[in-house]
Amino acid sequence: MADIELPPGLVALQLSVYEARLRLIGHVRANGPVRGWSPDTDVEGANLQHACEVSEGMLQKAIDDSGLEQKHGQPALRRALMAAAAPQMPAQPGSGWARPHMSV
């Protein structure tokens with residue numbers, strides 16, 4: 001696979017998506033099954049889900065605007081983004097692993 005030159009902004013957006021997902025996962029783990037949530041906990045979960053969707057949308061728009069997905073294909077671009085972002089990703093609490101390892 002050829003190296004894909006990634007703009008730093010795309011890598012930063014990939015990190016923000018990962019961090020938003022971690023916040024949502026942490027919320028779900030801390031509060032148990034959704035059906036048992038209080039109204040306040042449910043609102044917080046909905047806000048975290050919305051933040052994930054916004055982050056993912058921003059990343060996808062930046063990817064679309066960059067033209068890199070058309071040039072390299074989605075799988076190759078996603079692997080390159082994850083590989084570039086992995087060293088900066090925070091650990092997932094309670095997962096038993098420090099960060100995702102990608103072999104590219």
# chains A, B, ... in the order shown; residues from 1 in each chain; ligands from 1
call {"tool": "residues_around", "arguments": {"residues": "stretch 39-53 of chain A", "least_positions_apart": "2", "cutoff": "12 Å", "atoms": "only C-alpha atoms", "output": "MDAnalysis selection string"}}
result
chainID A and resid 13:37 55:60
call {"tool": "residues_around", "arguments": {"residues": "A:Leu6", "least_positions_apart": "6", "cutoff": "9 Å", "atoms": "only C-alpha atoms", "output": "ChimeraX atom specification"}}
result
/A:68,77,80-81,84
call {"tool": "write_last_selection", "arguments": {"atoms": "C-alpha atoms", "output": "short mmCIF file (atom, residue, chain, number, x, y, z; two decimals), in the first residue's frame"}}
result
data_model
loop_
_atom_site.label_atom_id
_atom_site.label_comp_id
_atom_site.auth_asym_id
_atom_site.auth_seq_id
_atom_site.Cartn_x
_atom_site.Cartn_y
_atom_site.Cartn_z
CA LEU A 68 -8.48 11.31 -0.36
CA LEU A 77 -7.89 5.81 3.99
CA ALA A 80 -4.14 5.16 7.31
CA LEU A 81 -6.18 7.46 9.59
CA ALA A 84 -1.75 7.87 12.18
#
call {"tool": "atom_distance", "arguments": {"atom1": "atom CA of A:Ala62", "atom2": "atom CA of A:Met89"}}
result
19.5 Å
call {"tool": "atom_distance", "arguments": {"atom1": "atom CA of A:Pro87", "atom2": "atom CA of A:Lys61"}}
result
23.5 Å
call {"tool": "residues_around", "arguments": {"residues": "A:Gln88", "least_positions_apart": "3", "cutoff": "10 Å", "atoms": "only C-alpha atoms", "output": "ChimeraX atom specification"}}
result
/A:11-12,15,83-85,91,99
call {"tool": "atom_distance", "arguments": {"atom1": "atom CA of A:Pro90", "atom2": "atom CA of A:Ile4"}}
result
23.3 Å
